[in-house]
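Trainee: Pasting target.txt below, which is compact mmCIF, N, CA, C and O atoms.
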```txt
# COMPACT_ATOMS: atom_id res chain seq x y z
N MET P 250 126.42 99.77 121.36
CA MET P 250 125.54 99.58 120.21
C MET P 250 124.24 98.97 120.73
O MET P 250 124.25 97.97 121.43
N GLU P 251 123.14 99.58 120.39
CA GLU P 251 121.81 99.11 120.77
C GLU P 251 121.24 98.28 119.62
O GLU P 251 121.40 98.62 118.45
N GLU P 252 120.58 97.17 119.94
CA GLU P 252 119.92 96.36 118.92
C GLU P 252 118.42 96.42 119.16
O GLU P 252 117.96 96.24 120.29
N VAL P 253 117.67 96.66 118.09
CA VAL P 253 116.22 96.78 118.16
C VAL P 253 115.62 95.85 117.11
O VAL P 253 116.09 95.80 115.97
N ALA P 254 114.57 95.13 117.49
CA ALA P 254 113.86 94.25 116.56
C ALA P 254 112.40 94.66 116.53
O ALA P 254 111.84 95.08 117.55
N PHE P 255 111.80 94.56 115.35
CA PHE P 255 110.39 94.91 115.21
C PHE P 255 109.80 94.19 114.01
O PHE P 255 110.52 93.65 113.17
N THR P 256 108.48 94.14 113.98
CA THR P 256 107.78 93.53 112.85
C THR P 256 106.99 94.59 112.10
O THR P 256 106.62 95.63 112.64
N MET P 257 106.77 94.30 110.83
CA MET P 257 105.91 95.10 109.96
C MET P 257 105.09 94.09 109.16
O MET P 257 105.33 92.89 109.25
N LYS P 258 104.15 94.56 108.38
CA LYS P 258 103.27 93.64 107.66
C LYS P 258 103.22 94.00 106.18
O LYS P 258 102.95 95.14 105.82
N LEU P 259 103.47 93.00 105.35
CA LEU P 259 103.43 93.15 103.90
C LEU P 259 102.05 92.71 103.40
O LEU P 259 101.50 91.73 103.90
N LYS P 260 101.50 93.44 102.45
CA LYS P 260 100.23 93.04 101.87
C LYS P 260 100.45 91.79 101.01
O LYS P 260 101.52 91.62 100.40
N PRO P 261 99.46 90.90 100.95
CA PRO P 261 99.61 89.65 100.19
C PRO P 261 99.92 89.91 98.71
O PRO P 261 99.37 90.81 98.09
N GLY P 262 100.83 89.10 98.18
CA GLY P 262 101.17 89.15 96.76
C GLY P 262 102.26 90.15 96.40
O GLY P 262 102.61 90.27 95.22
N PHE P 263 102.82 90.84 97.37
CA PHE P 263 103.82 91.87 97.07
C PHE P 263 105.24 91.49 97.52
O PHE P 263 106.10 92.35 97.61
N GLU P 264 105.47 90.22 97.76
CA GLU P 264 106.77 89.77 98.24
C GLU P 264 107.90 90.15 97.27
O GLU P 264 108.93 90.71 97.68
N ALA P 265 107.74 89.83 96.01
CA ALA P 265 108.78 90.12 95.01
C ALA P 265 108.97 91.63 94.84
O ALA P 265 110.10 92.11 94.70
N GLU P 266 107.89 92.37 94.86
CA GLU P 266 107.98 93.83 94.69
C GLU P 266 108.69 94.46 95.89
O GLU P 266 109.51 95.38 95.72
N TYR P 267 108.41 93.99 97.09
CA TYR P 267 109.08 94.51 98.27
C TYR P 267 110.59 94.28 98.16
O TYR P 267 111.39 95.19 98.40
N LYS P 268 110.96 93.07 97.78
CA LYS P 268 112.39 92.76 97.63
C LYS P 268 113.01 93.61 96.53
O LYS P 268 114.10 94.16 96.71
N ARG P 269 112.34 93.77 95.41
CA ARG P 269 112.87 94.58 94.30
C ARG P 269 113.12 96.01 94.75
O ARG P 269 114.18 96.58 94.49
N ARG P 270 112.15 96.59 95.45
CA ARG P 270 112.31 97.98 95.89
C ARG P 270 113.48 98.12 96.86
O ARG P 270 114.20 99.12 96.82
N HIS P 271 113.68 97.14 97.71
CA HIS P 271 114.81 97.22 98.64
C HIS P 271 116.14 96.88 97.96
O HIS P 271 117.18 97.41 98.36
N ASP P 272 116.11 96.04 96.95
CA ASP P 272 117.33 95.79 96.17
C ASP P 272 117.79 97.07 95.47
O ASP P 272 118.98 97.23 95.18
N GLU P 273 116.85 97.96 95.19
CA GLU P 273 117.14 99.21 94.49
C GLU P 273 116.98 100.41 95.43
O GLU P 273 116.63 101.51 94.99
N ILE P 274 117.25 100.20 96.72
CA ILE P 274 117.06 101.27 97.70
C ILE P 274 117.82 102.52 97.25
O ILE P 274 118.92 102.43 96.71
N TRP P 275 117.21 103.65 97.45
CA TRP P 275 117.80 104.91 97.01
C TRP P 275 119.07 105.20 97.81
O TRP P 275 119.06 105.14 99.05
N PRO P 276 120.16 105.54 97.14
CA PRO P 276 121.40 105.87 97.85
C PRO P 276 121.20 106.99 98.88
O PRO P 276 121.78 106.94 99.97
N GLU P 277 120.37 107.96 98.56
CA GLU P 277 120.09 109.06 99.48
C GLU P 277 119.45 108.54 100.78
O GLU P 277 119.76 109.02 101.87
N LEU P 278 118.57 107.56 100.66
CA LEU P 278 117.94 106.98 101.84
C LEU P 278 118.96 106.18 102.65
O LEU P 278 119.01 106.30 103.88
N SER P 279 119.77 105.38 101.98
CA SER P 279 120.81 104.60 102.69
C SER P 279 121.74 105.53 103.46
O SER P 279 122.08 105.26 104.60
N GLN P 280 122.13 106.61 102.84
CA GLN P 280 123.01 107.58 103.49
C GLN P 280 122.33 108.20 104.71
O GLN P 280 122.94 108.36 105.76
N THR P 281 121.05 108.53 104.58
CA THR P 281 120.30 109.12 105.68
C THR P 281 120.22 108.15 106.86
O THR P 281 120.39 108.55 108.02
N LEU P 282 119.98 106.88 106.60
CA LEU P 282 119.91 105.87 107.66
C LEU P 282 121.25 105.74 108.37
O LEU P 282 121.32 105.67 109.60
N THR P 283 122.32 105.73 107.59
CA THR P 283 123.67 105.65 108.17
C THR P 283 123.95 106.88 109.03
O THR P 283 124.45 106.76 110.15
N GLU P 284 123.62 108.04 108.51
CA GLU P 284 123.86 109.28 109.26
C GLU P 284 123.04 109.34 110.55
O GLU P 284 123.44 109.96 111.53
N ALA P 285 121.89 108.66 110.56
CA ALA P 285 121.04 108.62 111.76
C ALA P 285 121.57 107.65 112.82
O ALA P 285 121.09 107.63 113.94
N GLY P 286 122.55 106.82 112.43
CA GLY P 286 123.16 105.92 113.40
C GLY P 286 122.84 104.45 113.22
O GLY P 286 123.19 103.64 114.07
N ILE P 287 122.18 104.10 112.14
CA ILE P 287 121.90 102.69 111.88
C ILE P 287 123.15 102.07 111.26
O ILE P 287 123.59 102.50 110.20
N ARG P 288 123.70 101.08 111.93
CA ARG P 288 124.95 100.47 111.49
C ARG P 288 124.75 99.08 110.88
O ARG P 288 125.62 98.57 110.22
N ASP P 289 123.64 98.49 111.13
CA ASP P 289 123.35 97.15 110.61
C ASP P 289 121.84 97.03 110.59
O ASP P 289 121.19 97.28 111.61
N TYR P 290 121.27 96.70 109.45
CA TYR P 290 119.81 96.66 109.31
C TYR P 290 119.46 95.50 108.41
O TYR P 290 119.88 95.47 107.26
N SER P 291 118.72 94.55 108.94
CA SER P 291 118.27 93.40 108.16
C SER P 291 116.76 93.27 108.29
O SER P 291 116.20 93.55 109.35
N ILE P 292 116.13 92.85 107.19
CA ILE P 292 114.69 92.59 107.19
C ILE P 292 114.48 91.19 106.62
O ILE P 292 115.00 90.88 105.55
N TYR P 293 113.70 90.40 107.33
CA TYR P 293 113.39 89.03 106.92
C TYR P 293 111.89 88.92 106.68
O TYR P 293 111.10 89.61 107.33
N LEU P 294 111.50 88.03 105.79
CA LEU P 294 110.09 87.83 105.46
C LEU P 294 109.63 86.44 105.83
O LEU P 294 110.25 85.44 105.45
N ASP P 295 108.52 86.36 106.56
CA ASP P 295 107.81 85.10 106.77
C ASP P 295 106.74 85.04 105.68
O ASP P 295 105.72 85.72 105.77
N ARG P 296 107.00 84.30 104.63
CA ARG P 296 106.10 84.27 103.46
C ARG P 296 104.70 83.77 103.82
O ARG P 296 103.72 84.18 103.23
N ALA P 297 104.60 82.87 104.79
CA ALA P 297 103.30 82.31 105.16
C ALA P 297 102.36 83.37 105.74
O ALA P 297 101.15 83.33 105.49
N SER P 298 102.91 84.33 106.47
CA SER P 298 102.06 85.32 107.14
C SER P 298 102.19 86.73 106.58
O SER P 298 101.38 87.60 106.90
N GLY P 299 103.23 86.96 105.77
CA GLY P 299 103.48 88.31 105.28
C GLY P 299 104.14 89.21 106.32
O GLY P 299 104.27 90.41 106.12
N THR P 300 104.57 88.61 107.41
CA THR P 300 105.23 89.39 108.46
C THR P 300 106.68 89.65 108.08
O THR P 300 107.41 88.73 107.69
N LEU P 301 107.07 90.91 108.21
CA LEU P 301 108.45 91.31 108.02
C LEU P 301 109.08 91.45 109.40
O LEU P 301 108.50 92.10 110.28
N PHE P 302 110.22 90.84 109.60
CA PHE P 302 110.94 90.89 110.86
C PHE P 302 112.21 91.69 110.63
O PHE P 302 113.03 91.32 109.77
N ALA P 303 112.37 92.79 111.33
CA ALA P 303 113.51 93.67 111.12
C ALA P 303 114.38 93.75 112.37
O ALA P 303 113.87 93.72 113.49
N VAL P 304 115.68 93.87 112.14
CA VAL P 304 116.65 94.04 113.22
C VAL P 304 117.58 95.17 112.83
O VAL P 304 118.11 95.19 111.72
N GLN P 305 117.74 96.12 113.73
CA GLN P 305 118.66 97.24 113.51
C GLN P 305 119.64 97.31 114.66
O GLN P 305 119.27 97.14 115.82
N LYS P 306 120.87 97.63 114.34
CA LYS P 306 121.84 98.00 115.35
C LYS P 306 122.01 99.51 115.23
O LYS P 306 122.18 100.04 114.13
N ARG P 307 121.92 100.17 116.38
CA ARG P 307 121.94 101.63 116.41
C ARG P 307 123.12 102.11 117.24
O ARG P 307 123.32 101.67 118.37
N ALA P 308 123.87 103.04 116.68
CA ALA P 308 125.03 103.60 117.36
C ALA P 308 124.58 104.46 118.54
O ALA P 308 123.48 105.03 118.53
N GLU P 309 125.46 104.56 119.53
CA GLU P 309 125.20 105.45 120.65
C GLU P 309 125.02 106.87 120.11
O GLU P 309 125.74 107.31 119.22
N GLY P 310 124.03 107.57 120.64
CA GLY P 310 123.76 108.93 120.18
C GLY P 310 123.01 108.99 118.86
O GLY P 310 122.96 110.05 118.22
N HIS P 311 122.41 107.88 118.44
CA HIS P 311 121.68 107.85 117.18
C HIS P 311 120.56 108.89 117.16
O HIS P 311 120.13 109.39 118.21
N THR P 312 120.12 109.22 115.95
CA THR P 312 119.05 110.21 115.79
C THR P 312 117.86 109.60 115.05
O THR P 312 117.20 110.27 114.25
N ILE P 313 117.58 108.36 115.34
CA ILE P 313 116.48 107.64 114.69
C ILE P 313 115.15 108.39 114.85
O ILE P 313 114.34 108.42 113.93
N ASP P 314 114.92 108.98 115.99
CA ASP P 314 113.65 109.67 116.26
C ASP P 314 113.41 110.84 115.32
O ASP P 314 112.27 111.29 115.17
N GLN P 315 114.44 111.35 114.67
CA GLN P 315 114.29 112.47 113.75
C GLN P 315 113.91 112.02 112.33
O GLN P 315 113.47 112.84 111.52
N LEU P 316 114.08 110.74 112.03
CA LEU P 316 113.81 110.25 110.67
C LEU P 316 112.40 110.57 110.16
O LEU P 316 112.26 110.98 109.01
N PRO P 317 111.34 110.41 110.96
CA PRO P 317 109.99 110.66 110.44
C PRO P 317 109.76 112.09 109.93
O PRO P 317 108.87 112.31 109.11
N SER P 318 110.57 113.03 110.35
CA SER P 318 110.39 114.41 109.90
C SER P 318 111.16 114.73 108.62
O SER P 318 110.96 115.81 108.04
N LEU P 319 112.00 113.81 108.16
CA LEU P 319 112.82 114.09 106.98
C LEU P 319 112.07 113.82 105.68
O LEU P 319 111.41 112.79 105.54
N PRO P 320 112.20 114.71 104.70
CA PRO P 320 111.51 114.53 103.42
C PRO P 320 111.82 113.20 102.73
O PRO P 320 110.92 112.58 102.16
N ILE P 321 113.07 112.73 102.78
CA ILE P 321 113.42 111.47 102.12
C ILE P 321 112.69 110.29 102.76
O ILE P 321 112.27 109.36 102.08
N MET P 322 112.51 110.34 104.08
CA MET P 322 111.80 109.27 104.78
C MET P 322 110.33 109.28 104.40
O MET P 322 109.74 108.23 104.12
N LYS P 323 109.74 110.47 104.37
CA LYS P 323 108.33 110.59 103.97
C LYS P 323 108.12 110.12 102.54
O LYS P 323 107.12 109.47 102.22
N LYS P 324 109.08 110.44 101.67
CA LYS P 324 109.00 110.00 100.27
C LYS P 324 109.08 108.48 100.17
O LYS P 324 108.32 107.86 99.42
N TRP P 325 109.98 107.86 100.93
CA TRP P 325 110.10 106.39 100.93
C TRP P 325 108.83 105.74 101.45
O TRP P 325 108.34 104.77 100.88
N TRP P 326 108.31 106.26 102.55
CA TRP P 326 107.07 105.69 103.10
C TRP P 326 105.93 105.79 102.10
O TRP P 326 105.16 104.84 101.95
N ALA P 327 105.81 106.89 101.41
CA ALA P 327 104.76 107.04 100.39
C ALA P 327 104.96 106.03 99.27
O ALA P 327 104.01 105.44 98.76
N TYR P 328 106.21 105.81 98.89
CA TYR P 328 106.57 104.86 97.85
C TYR P 328 106.21 103.43 98.25
O TYR P 328 105.80 102.62 97.41
N MET P 329 106.32 103.12 99.53
CA MET P 329 106.07 101.77 100.02
C MET P 329 104.63 101.55 100.49
O MET P 329 104.21 100.41 100.69
N ALA P 330 103.85 102.60 100.62
CA ALA P 330 102.52 102.51 101.23
C ALA P 330 101.55 101.59 100.49
O ALA P 330 100.66 101.01 101.11
N ASP P 331 101.73 101.42 99.20
CA ASP P 331 100.79 100.58 98.45
C ASP P 331 101.01 99.09 98.68
O ASP P 331 100.14 98.28 98.34
N ILE P 332 102.13 98.71 99.28
CA ILE P 332 102.40 97.28 99.45
C ILE P 332 102.55 96.84 100.91
O ILE P 332 102.79 95.67 101.18
N MET P 333 102.37 97.77 101.85
CA MET P 333 102.51 97.47 103.27
C MET P 333 101.34 98.02 104.06
O MET P 333 100.68 98.96 103.60
N GLU P 334 101.12 97.47 105.24
CA GLU P 334 100.16 98.07 106.15
C GLU P 334 100.81 99.33 106.72
O GLU P 334 101.97 99.28 107.17
N THR P 335 100.09 100.46 106.65
CA THR P 335 100.68 101.73 107.06
C THR P 335 99.76 102.51 107.99
O THR P 335 98.56 102.28 108.05
N ASN P 336 100.37 103.46 108.67
CA ASN P 336 99.66 104.43 109.51
C ASN P 336 99.18 105.57 108.61
O ASN P 336 99.57 105.65 107.44
N PRO P 337 98.36 106.47 109.13
CA PRO P 337 97.87 107.60 108.32
C PRO P 337 98.97 108.45 107.68
O PRO P 337 98.77 109.03 106.61
N ASP P 338 100.16 108.52 108.30
CA ASP P 338 101.27 109.30 107.72
C ASP P 338 102.12 108.47 106.75
O ASP P 338 103.19 108.91 106.33
N ASN P 339 101.65 107.28 106.37
CA ASN P 339 102.33 106.34 105.47
C ASN P 339 103.47 105.57 106.13
O ASN P 339 104.07 104.71 105.49
N SER P 340 103.80 105.86 107.37
CA SER P 340 104.84 105.07 108.05
C SER P 340 104.32 103.65 108.21
O SER P 340 103.11 103.43 108.37
N PRO P 341 105.21 102.66 108.15
CA PRO P 341 104.74 101.29 108.31
C PRO P 341 104.21 101.03 109.71
O PRO P 341 104.78 101.53 110.68
N VAL P 342 103.13 100.28 109.78
CA VAL P 342 102.67 99.82 111.09
C VAL P 342 103.74 98.86 111.59
O VAL P 342 104.11 97.91 110.90
N SER P 343 104.27 99.14 112.77
CA SER P 343 105.33 98.28 113.29
C SER P 343 105.09 98.00 114.77
O SER P 343 104.46 98.79 115.47
N THR P 344 105.60 96.86 115.18
CA THR P 344 105.50 96.43 116.57
C THR P 344 106.90 96.11 117.07
O THR P 344 107.58 95.25 116.50
N THR P 345 107.34 96.81 118.10
CA THR P 345 108.65 96.54 118.69
C THR P 345 108.60 95.22 119.43
O THR P 345 107.62 94.90 120.09
N LEU P 346 109.65 94.45 119.28
CA LEU P 346 109.73 93.15 119.93
C LEU P 346 110.66 93.21 121.14
O LEU P 346 111.65 93.94 121.14
N GLU P 347 110.31 92.45 122.15
CA GLU P 347 111.10 92.38 123.38
C GLU P 347 112.14 91.28 123.26
O GLU P 347 111.81 90.14 122.88
N ALA P 348 113.37 91.59 123.55
CA ALA P 348 114.43 90.58 123.56
C ALA P 348 114.23 89.66 124.76
O ALA P 348 114.07 90.12 125.88
N VAL P 349 114.23 88.36 124.51
CA VAL P 349 114.07 87.40 125.61
C VAL P 349 115.24 86.43 125.71
O VAL P 349 115.34 85.70 126.69
N PHE P 350 116.12 86.44 124.71
CA PHE P 350 117.30 85.56 124.74
C PHE P 350 118.33 86.09 123.77
O PHE P 350 117.99 86.57 122.69
N HIS P 351 119.59 85.97 124.16
CA HIS P 351 120.71 86.34 123.28
C HIS P 351 121.92 85.51 123.67
O HIS P 351 122.18 85.30 124.86
N ALA P 352 122.66 85.01 122.70
CA ALA P 352 123.90 84.31 122.94
C ALA P 352 124.92 84.75 121.89
O ALA P 352 124.57 84.91 120.72
N ASP P 353 126.14 84.99 122.31
CA ASP P 353 127.22 85.32 121.36
C ASP P 353 127.94 84.09 120.94
O ASP P 353 128.06 83.14 121.64
```
Turn this file's structure into structure tokens for me.
Mentor:
Amino acid sequence: MEEVAFTMKLKPGFEAEYKRRHDEIWPELSQTLTEAGIRDYSIYLDRASGTLFAVQKRAEGHTIDQLPSLPIMKKWWAYMADIMETNPDNSPVSTTLEAVFHAD
């Protein structure tokens, strides 16, 4: 199982809306993420900076790289684009983080 961490950025004032949208995540999207190999996915918010910190565990042989081409993913990104910093294709601007310490 591979673990990946990354940050994204929430626009100011949209903290509650971001949480609401994720509390009501579309079942079709959840299923797509599971089918792509995501086995554990958490997102945390630093309210002071608007930084979202995400951690995913990915199964061996995952197909995460195919997600950007799927209509459901594009639809979700468009749905979220008004409250997050995004790229021209509406995908969230994200920065992969380097693991520097881990303890079990």
Trainee: Would you compute the distance between atom CA of P:Thr335 and atom C of P:Glu309? Give it in Å to one decimal.
Mentor: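 Rounded to one decimal, the two atoms are 28.1 Å apart.
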Trainee: Show me, as a list in words, the residues that have an atom within 8 Å of P:Gly262 when counting all atoms listed in the file, minus same-chain residues fewer than 3 positions from it.
Mentor: Leu259, Ala265, Glu266, Tyr267, Arg296, Gly299 and Ile332 of chain P
Trainee: Taking only stretch 270-350 of chain P into account, list the residues labelled helix (DSSP H, G or I) by DSSP (computed from the backbone), as an MDAnalysis selection string.
Mentor: chainID P and resid 270:272 276:284 313:318 320:329
Trainee: Could you work out how far atom CA of P:Pro341 lies from atom O of P:Phe255, giving the answer in Å with one decimal?
Mentor: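 Computing the Euclidean distance for atom O of P:Phe255 and atom CA of P:Pro341 yields 10.7 Å.
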Trainee: If I take atom CA of P:Ile321 and atom N of P:Ala254, how far is one from the other in Å, to one decimal?
Mentor: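 Taking atom CA of P:Ile321 as the start and atom N of P:Ala254 as the end point, the length is 22.5 Å.
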Trainee: Go through P:Ile274, P:Ala352, P:Val253, P:Ala285 and flag the residue nearest P:Leu316, using all atoms listed in the file for the distances.
Mentor: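 Answer, going by the shortest atom-to-atom distance: P:Ala285.
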Trainee: Please return the centre and edge lengths, in Å to one decimal, of a box with edges along x, y and z that contains all listed atoms of stretch 269-273 of chain P, widened by 4 Å on every side, as AutoDock Vina command-line options.
Mentor:
```
--center_x 115.6 --center_y 97.6 --center_z 96.5 --size_x 14.8 --size_y 15.7 --size_z 12.3
```
Trainee: Extract, using only N, CA, C and O atoms, all DNA, RNA and protein residues at most 5 Å from P:Lys260, discarding same-chain residues fewer than 2 positions from it, and format them as a count of residues only.
Mentor: 7
Trainee: Just want the 4.5 Å neighbourhood of P:Met257, counted on all atoms listed in the file, with same-chain residues fewer than 4 positions away dropped. Output as a PyMOL selection string.
Mentor: chain P and resi 299-301+342
Trainee: Write out as a JSON list (two decimals) with N, CA, C and O atoms, in the frame of the given file each polymer residue whose atoms come within 8 Å of P:Ala327, counting only C-alpha atoms; drop sequence neighbours fewer than 4 positions from it.
Mentor:
```json
[["chain", "number", "residue", "atom", "x", "y", "z"],
["P", 323, "LYS", "N", 109.74, 110.47, 104.37],
["P", 323, "LYS", "CA", 108.33, 110.59, 103.97],
["P", 323, "LYS", "C", 108.12, 110.12, 102.54],
["P", 323, "LYS", "O", 107.12, 109.47, 102.22],
["P", 331, "ASP", "N", 101.73, 101.42, 99.20],
["P", 331, "ASP", "CA", 100.79, 100.58, 98.45],
["P", 331, "ASP", "C", 101.01, 99.09, 98.68],
["P", 331, "ASP", "O", 100.14, 98.28, 98.34],
["P", 339, "ASN", "N", 101.65, 107.28, 106.37],
["P", 339, "ASN", "CA", 102.33, 106.34, 105.47],
["P", 339, "ASN", "C", 103.47, 105.57, 106.13],
["P", 339, "ASN", "O", 104.07, 104.71, 105.49],
["P", 340, "SER", "N", 103.80, 105.86, 107.37],
["P", 340, "SER", "CA", 104.84, 105.07, 108.05],
["P", 340, "SER", "C", 104.32, 103.65, 108.21],
["P", 340, "SER", "O", 103.11, 103.43, 108.37]]
```
Trainee: Assign secondary structure with DSSP using the backbone only, and return the residues of chain P in strand (DSSP E) as a PyMOL selection string.
Mentor: chain P and resi 251-258+287-295+300-307+344-346
Trainee: Kindly indicate which residue among P:Asp289, P:Ile313, P:Met329, P:Gln305 lies nearest to P:Arg269, using only C-alpha atoms for the distances.
Mentor: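 Among the listed residues, P:Met329 lies closest to P:Arg269.
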Trainee: From the set P:Val349, P:Leu294, P:Ala330, P:Met322, which residue has the shortest atom-to-atom contact distance to P:Leu278, counting only C-alpha atoms?
Mentor: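 Checking each of P:Val349, P:Leu294, P:Ala330, P:Met322 against P:Leu278, counting only C-alpha atoms, the winner is P:Met322.
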Trainee: Pick out the closest residue to P:Glu251 from this set: P:Ile292, P:Lys306, P:Ser343, P:Pro317. Count all atoms listed in the file.
Mentor: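 The answer is P:Lys306, which sits nearest to P:Glu251.
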Trainee: So, with only C-alpha atoms as the atoms that count, which of P:His271, P:Asp353, P:Asp314, P:Met250 lies closest to P:Tyr328?
Mentor: P:His271
Trainee: So, with only N, CA, C and O atoms as the atoms that count, which of P:Trp275, P:Trp325, P:Tyr290, P:Phe350 lies closest to P:Ala303?
Mentor: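 Ranked by minimum distance to P:Ala303, first place goes to P:Tyr290.
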